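Structure data follow from data-v8.cif (mmCIF, C-alpha atoms):
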data_start
#
loop_
_atom_site.group_PDB
_atom_site.id
_atom_site.type_symbol
_atom_site.label_atom_id
_atom_site.label_comp_id
_atom_site.auth_asym_id
_atom_site.auth_seq_id
_atom_site.Cartn_x
_atom_site.Cartn_y
_atom_site.Cartn_z
ATOM 1 C CA MET A 1 0.000 0.000 0.000
ATOM 2 C CA GLU A 2 2.912 2.325 0.615
ATOM 3 C CA ASN A 3 3.610 2.419 -3.150
ATOM 4 C CA ALA A 4 0.084 3.491 -4.013
ATOM 5 C CA SER A 5 0.511 7.246 -3.549
ATOM 6 C CA HIS A 6 0.042 7.859 -7.295
ATOM 7 C CA TRP A 7 -3.546 6.649 -6.931
ATOM 8 C CA ASP A 8 -4.337 9.460 -4.491
ATOM 9 C CA ALA A 9 -5.966 11.793 -7.022
ATOM 10 C CA THR A 10 -8.359 9.098 -8.224
ATOM 11 C CA LEU A 11 -9.102 7.972 -4.684
ATOM 12 C CA LYS A 12 -9.783 11.549 -3.598
ATOM 13 C CA GLY A 13 -12.373 11.988 -6.347
ATOM 14 C CA TYR A 14 -14.009 8.695 -5.451
ATOM 15 C CA SER A 15 -14.125 9.606 -1.748
ATOM 16 C CA SER A 16 -15.851 12.891 -2.617
ATOM 17 C CA PHE A 17 -18.352 10.922 -4.700
ATOM 18 C CA LEU A 18 -19.129 8.637 -1.739
ATOM 19 C CA ARG A 19 -19.467 11.546 0.669
ATOM 20 C CA PHE A 20 -21.492 13.991 -1.393
ATOM 21 C CA GLU A 21 -23.446 11.766 -3.787
ATOM 22 C CA ARG A 22 -23.823 8.523 -1.846
ATOM 23 C CA SER A 23 -24.058 10.257 1.576
ATOM 24 C CA MET A 24 -21.847 7.566 3.132
ATOM 25 C CA SER A 25 -20.452 7.933 6.638
ATOM 26 C CA ASP A 26 -16.828 8.881 7.247
ATOM 27 C CA GLU A 27 -16.278 5.435 8.743
ATOM 28 C CA THR A 28 -17.516 3.640 5.631
ATOM 29 C CA ILE A 29 -15.494 5.909 3.348
ATOM 30 C CA ALA A 30 -12.374 5.248 5.420
ATOM 31 C CA GLY A 31 -13.001 1.496 5.172
ATOM 32 C CA TYR A 32 -13.481 1.619 1.412
ATOM 33 C CA SER A 33 -10.352 3.777 1.043
ATOM 34 C CA PHE A 34 -8.334 1.252 3.050
ATOM 35 C CA ASP A 35 -9.590 -1.595 0.869
ATOM 36 C CA LEU A 36 -8.758 0.279 -2.326
ATOM 37 C CA ARG A 37 -5.268 1.233 -1.161
ATOM 38 C CA ARG A 38 -4.618 -2.439 -0.456
ATOM 39 C CA PHE A 39 -5.834 -3.208 -3.984
ATOM 40 C CA PHE A 40 -3.632 -0.471 -5.477
ATOM 41 C CA GLY A 41 -0.652 -1.924 -3.607
ATOM 42 C CA TYR A 42 -1.408 -5.307 -5.167
ATOM 43 C CA LEU A 43 -1.465 -3.688 -8.619
ATOM 44 C CA ASP A 44 1.873 -2.033 -7.914
ATOM 45 C CA ASP A 45 3.355 -5.428 -7.104
ATOM 46 C CA LEU A 46 2.102 -6.654 -10.492
ATOM 47 C CA GLY A 47 3.620 -3.649 -12.234
ATOM 48 C CA LEU A 48 0.241 -2.272 -13.311
ATOM 49 C CA ALA A 49 0.215 1.506 -13.627
ATOM 50 C CA ASP A 50 -3.485 2.143 -14.122
ATOM 51 C CA PRO A 51 -6.507 0.600 -12.312
ATOM 52 C CA ARG A 52 -8.560 1.289 -15.444
ATOM 53 C CA ARG A 53 -6.558 -1.344 -17.329
ATOM 54 C CA VAL A 54 -7.097 -4.202 -14.892
ATOM 55 C CA SER A 55 -8.398 -7.318 -16.597
ATOM 56 C CA GLY A 56 -11.054 -9.684 -15.311
ATOM 57 C CA GLU A 57 -8.376 -12.330 -14.801
ATOM 58 C CA GLU A 58 -6.264 -9.972 -12.695
ATOM 59 C CA MET A 59 -9.295 -9.000 -10.647
ATOM 60 C CA THR A 60 -10.147 -12.648 -10.026
ATOM 61 C CA GLY A 61 -6.548 -13.226 -8.963
ATOM 62 C CA TYR A 62 -6.783 -10.415 -6.449
ATOM 63 C CA ILE A 63 -10.000 -11.803 -4.953
ATOM 64 C CA SER A 64 -8.308 -15.194 -4.610
ATOM 65 C CA ASN A 65 -5.375 -13.491 -2.938
ATOM 66 C CA LEU A 66 -7.760 -11.889 -0.436
ATOM 67 C CA SER A 67 -9.295 -15.254 0.352
ATOM 68 C CA GLU A 68 -5.900 -16.852 0.863
ATOM 69 C CA SER A 69 -4.600 -14.029 3.055
ATOM 70 C CA GLY A 70 -6.678 -15.121 6.024
ATOM 71 C CA ILE A 71 -8.829 -12.009 6.410
ATOM 72 C CA SER A 72 -12.375 -12.551 7.613
ATOM 73 C CA LYS A 73 -15.285 -13.233 5.283
ATOM 74 C CA ARG A 74 -16.830 -9.958 6.381
ATOM 75 C CA SER A 75 -13.684 -8.017 5.456
ATOM 76 C CA GLN A 76 -13.536 -9.822 2.119
ATOM 77 C CA ALA A 77 -17.152 -8.868 1.407
ATOM 78 C CA ARG A 78 -16.469 -5.206 2.206
ATOM 79 C CA ALA A 79 -13.375 -5.228 -0.010
ATOM 80 C CA ILE A 80 -15.397 -6.622 -2.914
ATOM 81 C CA SER A 81 -18.131 -4.042 -2.332
ATOM 82 C CA ALA A 82 -15.498 -1.303 -2.366
ATOM 83 C CA LEU A 83 -14.065 -2.573 -5.653
ATOM 84 C CA LYS A 84 -17.456 -2.884 -7.338
ATOM 85 C CA SER A 85 -18.503 0.567 -6.184
ATOM 86 C CA PHE A 86 -15.174 2.047 -7.316
ATOM 87 C CA TYR A 87 -15.408 0.553 -10.804
ATOM 88 C CA LEU A 88 -19.022 1.654 -11.217
ATOM 89 C CA TYR A 89 -17.767 5.140 -10.340
ATOM 90 C CA LEU A 90 -15.094 4.853 -13.052
ATOM 91 C CA GLU A 91 -17.728 3.694 -15.543
ATOM 92 C CA ASP A 92 -19.928 6.709 -14.948
ATOM 93 C CA GLU A 93 -17.364 9.409 -14.230
ATOM 94 C CA GLU A 94 -14.469 8.412 -16.474
ATOM 95 C CA GLY A 95 -16.101 6.457 -19.259
ATOM 96 C CA LEU A 96 -14.618 3.067 -18.359
ATOM 97 C CA ASP A 97 -16.003 0.602 -20.896
ATOM 98 C CA LYS A 98 -14.765 -2.720 -19.455
ATOM 99 C CA ASN A 99 -15.474 -3.415 -15.802
ATOM 100 C CA PRO A 100 -13.112 -6.090 -14.403
ATOM 101 C CA CYS A 101 -15.499 -6.676 -11.500
ATOM 102 C CA ASP A 102 -17.871 -8.367 -13.941
ATOM 103 C CA ALA A 103 -15.532 -11.345 -13.659
ATOM 104 C CA ILE A 104 -16.100 -11.690 -9.910
ATOM 105 C CA ASP A 105 -18.397 -14.639 -9.312
ATOM 106 C CA THR A 106 -20.238 -13.106 -6.373
ATOM 107 C CA PRO A 107 -23.566 -11.270 -6.075
ATOM 108 C CA LYS A 108 -23.153 -7.821 -7.578
ATOM 109 C CA ILE A 109 -23.979 -4.761 -5.551
ATOM 110 C CA GLN A 110 -26.942 -2.805 -6.789
ATOM 111 C CA ARG A 111 -26.083 0.167 -8.930
ATOM 112 C CA HIS A 112 -26.889 3.173 -6.813
ATOM 113 C CA LEU A 113 -28.694 6.195 -8.176
ATOM 114 C CA PRO A 114 -29.381 9.301 -6.149
ATOM 115 C CA ASP A 115 -33.011 10.383 -5.992
ATOM 116 C CA VAL A 116 -34.184 11.574 -9.402
ATOM 117 C CA LEU A 117 -35.961 14.907 -9.449
ATOM 118 C CA SER A 118 -39.273 15.554 -11.138
ATOM 119 C CA ALA A 119 -39.630 18.536 -13.463
ATOM 120 C CA GLU A 120 -41.629 20.308 -10.745
ATOM 121 C CA GLU A 121 -38.828 19.835 -8.248
ATOM 122 C CA ILE A 122 -36.250 21.090 -10.722
ATOM 123 C CA ASP A 123 -38.386 24.163 -11.368
ATOM 124 C CA ALA A 124 -38.674 24.729 -7.615
ATOM 125 C CA ILE A 125 -34.907 24.519 -7.100
ATOM 126 C CA ILE A 126 -34.111 26.869 -9.972
ATOM 127 C CA GLY A 127 -36.933 29.185 -8.919
ATOM 128 C CA SER A 128 -35.477 29.410 -5.402
ATOM 129 C CA VAL A 129 -32.403 31.297 -6.636
ATOM 130 C CA ASP A 130 -32.326 34.903 -5.390
ATOM 131 C CA LEU A 131 -31.487 36.914 -8.497
ATOM 132 C CA SER A 132 -30.908 40.060 -6.426
ATOM 133 C CA LYS A 133 -27.661 38.565 -5.091
ATOM 134 C CA PRO A 134 -24.426 39.068 -7.052
ATOM 135 C CA GLU A 135 -24.114 35.342 -7.723
ATOM 136 C CA GLY A 136 -27.834 34.858 -8.447
ATOM 137 C CA HIS A 137 -27.778 34.795 -12.249
ATOM 138 C CA ARG A 138 -24.635 32.670 -12.208
ATOM 139 C CA ASN A 139 -26.207 30.058 -9.932
ATOM 140 C CA LYS A 140 -29.402 29.940 -11.946
ATOM 141 C CA ALA A 141 -27.458 29.483 -15.187
ATOM 142 C CA MET A 142 -25.403 26.693 -13.611
ATOM 143 C CA LEU A 143 -28.501 24.819 -12.456
ATOM 144 C CA GLU A 144 -30.126 25.210 -15.848
ATOM 145 C CA MET A 145 -27.072 23.784 -17.582
ATOM 146 C CA LEU A 146 -26.632 20.887 -15.154
ATOM 147 C CA TYR A 147 -30.111 19.701 -16.074
ATOM 148 C CA SER A 148 -30.571 20.950 -19.631
ATOM 149 C CA CYS A 149 -27.248 19.458 -20.787
ATOM 150 C CA GLY A 150 -26.679 16.640 -18.274
ATOM 151 C CA LEU A 151 -23.208 17.864 -17.346
ATOM 152 C CA ARG A 152 -20.779 16.392 -14.871
ATOM 153 C CA VAL A 153 -19.532 18.854 -12.241
ATOM 154 C CA SER A 154 -16.047 18.841 -13.762
ATOM 155 C CA GLU A 155 -17.527 19.647 -17.167
ATOM 156 C CA LEU A 156 -19.521 22.538 -15.739
ATOM 157 C CA THR A 157 -16.579 24.109 -13.906
ATOM 158 C CA THR A 158 -14.286 23.883 -16.942
ATOM 159 C CA LEU A 159 -16.834 25.060 -19.517
ATOM 160 C CA LYS A 160 -15.484 27.877 -21.676
ATOM 161 C CA ILE A 161 -17.300 30.769 -23.321
ATOM 162 C CA SER A 162 -15.699 29.650 -26.584
ATOM 163 C CA ASP A 163 -17.552 26.319 -26.173
ATOM 164 C CA LEU A 164 -20.962 27.995 -26.446
ATOM 165 C CA PHE A 165 -22.656 27.852 -29.839
ATOM 166 C CA PHE A 166 -26.053 29.269 -28.980
ATOM 167 C CA GLU A 167 -26.988 30.206 -32.543
ATOM 168 C CA GLU A 168 -26.638 26.551 -33.494
ATOM 169 C CA GLY A 169 -28.320 25.380 -30.273
ATOM 170 C CA PHE A 170 -25.515 23.320 -28.761
ATOM 171 C CA ILE A 171 -22.442 23.491 -26.533
ATOM 172 C CA ARG A 172 -19.113 21.700 -26.827
ATOM 173 C CA ILE A 173 -18.065 19.618 -23.837
ATOM 174 C CA ILE A 174 -14.547 18.422 -23.093
ATOM 175 C CA GLY A 175 -15.201 15.288 -21.082
ATOM 176 C CA LYS A 176 -13.106 12.535 -19.555
ATOM 177 C CA GLY A 177 -9.920 11.763 -21.443
ATOM 178 C CA ASN A 178 -10.242 15.102 -23.304
ATOM 179 C CA LYS A 179 -12.978 13.567 -25.450
ATOM 180 C CA GLN A 180 -15.209 16.169 -27.078
ATOM 181 C CA ARG A 181 -18.940 15.909 -27.591
ATOM 182 C CA LEU A 182 -21.678 18.263 -28.737
ATOM 183 C CA VAL A 183 -24.738 18.571 -26.518
ATOM 184 C CA PRO A 184 -28.010 20.355 -27.405
ATOM 185 C CA ILE A 185 -29.056 23.151 -25.064
ATOM 186 C CA GLY A 186 -32.599 24.414 -24.528
ATOM 187 C CA GLU A 187 -33.679 28.002 -25.045
ATOM 188 C CA TYR A 188 -34.475 28.528 -21.370
ATOM 189 C CA ALA A 189 -30.919 27.586 -20.389
ATOM 190 C CA ILE A 190 -29.523 29.778 -23.175
ATOM 191 C CA ASP A 191 -31.482 32.770 -21.895
ATOM 192 C CA SER A 192 -30.212 32.216 -18.343
ATOM 193 C CA VAL A 193 -26.599 31.970 -19.467
ATOM 194 C CA LYS A 194 -26.906 35.127 -21.570
ATOM 195 C CA LEU A 195 -28.274 37.047 -18.573
ATOM 196 C CA TYR A 196 -25.378 35.782 -16.479
ATOM 197 C CA ILE A 197 -22.822 36.779 -19.109
ATOM 198 C CA ASP A 198 -24.270 40.306 -19.108
ATOM 199 C CA CYS A 199 -23.752 40.439 -15.327
ATOM 200 C CA ARG A 200 -20.304 38.837 -15.617
ATOM 201 C CA ARG A 201 -19.019 41.792 -17.635
ATOM 202 C CA THR A 202 -19.163 43.951 -14.513
ATOM 203 C CA MET A 203 -17.336 41.406 -12.330
ATOM 204 C CA PRO A 204 -13.594 40.907 -11.783
ATOM 205 C CA VAL A 205 -11.907 38.299 -13.966
ATOM 206 C CA ALA A 206 -8.521 36.889 -12.964
ATOM 207 C CA ARG A 207 -5.745 36.892 -15.504
ATOM 208 C CA GLY A 208 -5.819 33.757 -17.607
ATOM 209 C CA CYS A 209 -9.430 32.975 -16.664
ATOM 210 C CA GLU A 210 -11.141 35.143 -19.251
ATOM 211 C CA ASP A 211 -12.583 32.239 -21.231
ATOM 212 C CA PHE A 212 -13.952 30.270 -18.255
ATOM 213 C CA LEU A 213 -17.715 30.733 -18.123
ATOM 214 C CA PHE A 214 -18.499 30.301 -14.434
ATOM 215 C CA LEU A 215 -16.316 32.270 -12.029
ATOM 216 C CA ASN A 216 -16.248 32.937 -8.291
ATOM 217 C CA ARG A 217 -16.173 36.393 -6.716
ATOM 218 C CA ARG A 218 -12.416 36.608 -7.246
ATOM 219 C CA GLY A 219 -12.820 35.925 -10.938
ATOM 220 C CA ARG A 220 -11.452 32.386 -10.857
ATOM 221 C CA PRO A 221 -13.073 29.095 -11.916
ATOM 222 C CA LEU A 222 -15.338 27.436 -9.371
ATOM 223 C CA THR A 223 -14.270 24.334 -7.473
ATOM 224 C CA ARG A 224 -16.344 21.157 -7.280
ATOM 225 C CA GLN A 225 -17.022 21.884 -3.618
ATOM 226 C CA MET A 226 -18.444 25.325 -4.438
ATOM 227 C CA VAL A 227 -20.918 23.740 -6.859
ATOM 228 C CA PHE A 228 -21.947 21.071 -4.331
ATOM 229 C CA THR A 229 -22.493 23.764 -1.689
ATOM 230 C CA MET A 230 -24.558 25.924 -4.034
ATOM 231 C CA VAL A 231 -26.788 23.001 -4.990
ATOM 232 C CA ARG A 232 -27.373 21.997 -1.354
ATOM 233 C CA GLU A 233 -28.308 25.573 -0.438
ATOM 234 C CA GLN A 234 -30.789 25.885 -3.308
ATOM 235 C CA VAL A 235 -32.345 22.505 -2.563
ATOM 236 C CA ALA A 236 -32.878 23.602 1.037
ATOM 237 C CA ALA A 237 -34.285 26.951 -0.119
ATOM 238 C CA ALA A 238 -36.767 25.083 -2.326
ATOM 239 C CA GLY A 239 -37.931 23.004 0.640
ATOM 240 C CA ILE A 240 -36.958 19.697 -0.980
ATOM 241 C CA GLU A 241 -35.874 17.019 1.488
ATOM 242 C CA LYS A 242 -34.288 14.567 -0.946
ATOM 243 C CA THR A 243 -30.540 14.023 -0.989
ATOM 244 C CA VAL A 244 -29.575 16.050 -4.040
ATOM 245 C CA SER A 245 -26.137 16.652 -5.545
ATOM 246 C CA PRO A 246 -25.078 18.200 -8.871
ATOM 247 C CA HIS A 247 -24.998 14.675 -10.286
ATOM 248 C CA THR A 248 -28.700 14.299 -9.455
ATOM 249 C CA PHE A 249 -29.463 16.796 -12.213
ATOM 250 C CA ARG A 250 -27.483 14.662 -14.659
ATOM 251 C CA HIS A 251 -29.374 11.541 -13.579
ATOM 252 C CA SER A 252 -32.677 13.410 -13.881
ATOM 253 C CA PHE A 253 -31.801 14.662 -17.361
ATOM 254 C CA ALA A 254 -30.976 11.141 -18.581
ATOM 255 C CA SER A 255 -33.890 9.471 -16.796
ATOM 256 C CA HIS A 256 -36.454 11.880 -18.207
ATOM 257 C CA LEU A 257 -35.111 11.404 -21.726
ATOM 258 C CA VAL A 258 -35.182 7.598 -21.511
ATOM 259 C CA GLU A 259 -38.610 7.541 -19.885
ATOM 260 C CA ASN A 260 -39.998 9.554 -22.748
ATOM 261 C CA GLY A 261 -38.660 7.322 -25.481
ATOM 262 C CA ALA A 262 -35.267 8.780 -26.335
ATOM 263 C CA ASP A 263 -32.919 6.381 -28.089
ATOM 264 C CA LEU A 264 -30.314 4.966 -25.690
ATOM 265 C CA ARG A 265 -27.493 5.592 -28.141
ATOM 266 C CA THR A 266 -28.461 9.249 -28.368
ATOM 267 C CA VAL A 267 -28.564 9.595 -24.581
ATOM 268 C CA GLN A 268 -25.234 7.778 -24.376
ATOM 269 C CA GLU A 269 -23.647 10.318 -26.711
ATOM 270 C CA MET A 270 -25.144 13.260 -24.828
ATOM 271 C CA LEU A 271 -23.847 11.962 -21.505
ATOM 272 C CA GLY A 272 -20.439 11.040 -22.862
ATOM 273 C CA HIS A 273 -20.662 7.410 -21.713
ATOM 274 C CA GLU A 274 -18.067 5.141 -23.283
ATOM 275 C CA SER A 275 -20.463 2.195 -23.283
ATOM 276 C CA VAL A 276 -24.234 2.069 -23.783
ATOM 277 C CA LEU A 277 -24.316 -0.504 -20.968
ATOM 278 C CA THR A 278 -23.711 2.347 -18.530
ATOM 279 C CA THR A 279 -26.617 4.293 -20.014
ATOM 280 C CA GLU A 280 -28.980 1.314 -19.746
ATOM 281 C CA ILE A 281 -29.213 1.785 -15.988
ATOM 282 C CA TYR A 282 -31.719 4.568 -16.626
ATOM 283 C CA THR A 283 -34.182 2.078 -18.062
ATOM 284 C CA HIS A 284 -34.571 0.561 -14.573
ATOM 285 C CA ILE A 285 -35.968 3.658 -12.890
ATOM 286 C CA ASP A 286 -39.682 3.487 -12.081
ATOM 287 C CA THR A 287 -41.362 5.597 -14.757
ATOM 288 C CA ARG A 288 -44.592 5.908 -12.793
ATOM 289 C CA LYS A 289 -42.971 8.453 -10.461
ATOM 290 C CA TRP A 290 -42.546 11.162 -13.011
ATOM 291 C CA GLN A 291 -45.353 13.338 -14.353
ATOM 292 C CA GLU A 292 -43.409 15.747 -16.531
ATOM 293 C CA ASN A 293 -40.603 15.221 -19.028
ATOM 294 C CA ILE A 294 -37.501 17.025 -20.172
ATOM 295 C CA LEU A 295 -39.028 18.178 -23.459
ATOM 296 C CA LYS A 296 -41.860 20.005 -21.701
ATOM 297 C CA TYR A 297 -39.292 21.541 -19.394
ATOM 298 C CA LEU A 298 -37.082 22.823 -22.199
ATOM 299 C CA GLU A 299 -40.068 24.221 -24.102
ATOM 300 C CA ARG A 300 -41.891 25.759 -21.141
ATOM 301 C CA PRO A 301 -42.786 29.477 -21.418
#
Starting from the file, give its structure as structure tokens.
Amino acid sequence: MENASHWDATLKGYSSFLRFERSMSDETIAGYSFDLRRFFGYLDDLGLADPRRVSGEEMTGYISNLSESGISKRSQARAISALKSFYLYLEDEEGLDKNPCDAIDTPKIQRHLPDVLSAEEIDAIIGSVDLSKPEGHRNKAMLEMLYSCGLRVSELTTLKISDLFFEEGFIRIIGKGNKQRLVPIGEYAIDSVKLYIDCRRTMPVARGCEDFLFLNRRGRPLTRQMVFTMVREQVAAAGIEKTVSPHTFRHSFASHLVENGADLRTVQEMLGHESVLTTEIYTHIDTRKWQENILKYLERP
């Protein structure tokens, strides 16, 4: 495990995912982190430089190694849960197309989705933004784009003004692995972003940050934590008691499209998923819960 320091950046992102999007306890996150560091140490011993390139055979070998090491069945089960959860995270967040955990001959953990928001709840959250505050138009535009375009937090915070093609009705996203994709954007989101850009012209912009769309009060790009905090505050202001993160808007965007008959391949391309198998998870959400759909939302007056 001592040689696994180069995995720290990936592990940090995963730990934030567990804390903010899965609402896991610090104790559980610490346990999962321990299990993954042990796994990374095993990979180091094999000379593997990237957990994304682990094969099913190598994963099976690691599970056998766990069993032979004498650790308890309970600890083995937690280690497997940590691995499965970690690789599902890589599938969704980094476009991993081959999950080595599929080779593990044990019951798979259920894919976890945060609560999906209805169109009414999304309207309530966006409507709760106080536009009289300096950051009001910025926050509203960010919420609109999280839902209207199904963006990851990292994609939102790195979005550039030069990536906006409003006349053509789409934006350019630089996703995981620097892969580019074009995503349609609704008129309501366009209007909100234009209002924000008008306000942005009167705000300070740090040197070298001129092309970043969403900036903090010091004129620098927002951090992931700032976006999470903003979303939590607006959810509370809207009186919604669900556990909601920025990723919930992405899940809601995809779920509403699939529920209303959108082609999975099209949704896959819009989300930037490497494999359509990742996108298929949205077909398992109970469609009876939702009364409105994304098209009505984008076309609302």
Quiz prompt | Ground truth for the PyMOL selection byres ((chain A and resi 76-80) around 9), written as number ranges by chain | solution = A: 31-32, 34-36, 39, 63, 66-67, 71-75, 81-85, 101, 104, 106
Exercise. I would like the residues chosen by the PyMOL selection byres ((chain A and resi 22) around 10) on the shown file; could you give them as a ChimeraX atom specification?
Key: /A:15-21,23-25,112-114,243-245
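Residue nearest Val153 of chain A within the list A:Leu222, A:Val116, A:Met59, A:Ala236: A:Leu222 [criterion: smallest interatomic distance, only C-alpha atoms].
Shortest atom-to-atom contact with Gly208 of chain A among A:Lys12, A:Arg220, A:His137, A:Arg181: A:Arg220, counting all atoms listed in the file.
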Determine, for each residue of segment 196-253 of chain A having at least one atom at most 8 Å from an atom of segment 122-127 of chain A, the closest pair of atoms and their separation in Å to one decimal, counting only C-alpha atoms; order by chain and ascending number, as CSV.
residue,atom,partner,partner_atom,distance
A:Gln234,CA,A:Ile125,CA,5.8
A:Val235,CA,A:Ile125,CA,5.6
A:Ala237,CA,A:Ile125,CA,7.4
A:Ala238,CA,A:Ile125,CA,5.2
Write the residues you've just listed into a file as an mmCIF file, keeping the file's coordinate frame, and include C-alpha atoms for each of them.
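Output contents, as saved in again_32.cif:
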data_model
loop_
_atom_site.group_PDB
_atom_site.id
_atom_site.type_symbol
_atom_site.label_atom_id
_atom_site.label_comp_id
_atom_site.auth_asym_id
_atom_site.auth_seq_id
_atom_site.Cartn_x
_atom_site.Cartn_y
_atom_site.Cartn_z
ATOM 1 C CA GLN A 234 -30.789 25.885 -3.308
ATOM 2 C CA VAL A 235 -32.345 22.505 -2.563
ATOM 3 C CA ALA A 237 -34.285 26.951 -0.119
ATOM 4 C CA ALA A 238 -36.767 25.083 -2.326
#
Repaired coordinates for segment 47-58 of chain A (N, CA and C atoms) as a JSON list (two decimals), in the frame of the given file:
[["chain", "number", "residue", "atom", "x", "y", "z"],
["A", 47, "GLY", "N", 3.07, -4.56, -11.24],
["A", 47, "GLY", "CA", 3.62, -3.65, -12.23],
["A", 47, "GLY", "C", 2.57, -2.97, -13.08],
["A", 48, "LEU", "N", 1.33, -2.93, -12.58],
["A", 48, "LEU", "CA", 0.24, -2.27, -13.31],
["A", 48, "LEU", "C", 0.17, -0.80, -12.92],
["A", 49, "ALA", "N", 0.15, 0.08, -13.90],
["A", 49, "ALA", "CA", 0.22, 1.51, -13.63],
["A", 49, "ALA", "C", -1.13, 2.21, -13.66],
["A", 50, "ASP", "N", -2.19, 1.48, -13.97],
["A", 50, "ASP", "CA", -3.48, 2.14, -14.12],
["A", 50, "ASP", "C", -4.61, 1.18, -13.74],
["A", 51, "PRO", "N", -5.41, 1.50, -12.71],
["A", 51, "PRO", "CA", -6.51, 0.60, -12.31],
["A", 51, "PRO", "C", -7.56, 0.44, -13.39],
["A", 52, "ARG", "N", -7.57, 1.37, -14.37],
["A", 52, "ARG", "CA", -8.56, 1.29, -15.44],
["A", 52, "ARG", "C", -8.22, 0.19, -16.46],
["A", 53, "ARG", "N", -7.00, -0.33, -16.37],
["A", 53, "ARG", "CA", -6.56, -1.34, -17.33],
["A", 53, "ARG", "C", -6.50, -2.74, -16.72],
["A", 54, "VAL", "N", -7.08, -2.90, -15.55],
["A", 54, "VAL", "CA", -7.10, -4.20, -14.89],
["A", 54, "VAL", "C", -8.03, -5.14, -15.65],
["A", 55, "SER", "N", -7.58, -6.34, -15.89],
["A", 55, "SER", "CA", -8.40, -7.32, -16.60],
["A", 55, "SER", "C", -9.25, -8.12, -15.61],
["A", 56, "GLY", "N", -10.24, -8.83, -16.15],
["A", 56, "GLY", "CA", -11.05, -9.68, -15.31],
["A", 56, "GLY", "C", -10.23, -10.76, -14.64],
["A", 57, "GLU", "N", -9.24, -11.29, -15.35],
["A", 57, "GLU", "CA", -8.38, -12.33, -14.80],
["A", 57, "GLU", "C", -7.56, -11.80, -13.63],
["A", 58, "GLU", "N", -7.05, -10.58, -13.78],
["A", 58, "GLU", "CA", -6.26, -9.97, -12.70],
["A", 58, "GLU", "C", -7.14, -9.67, -11.49]]
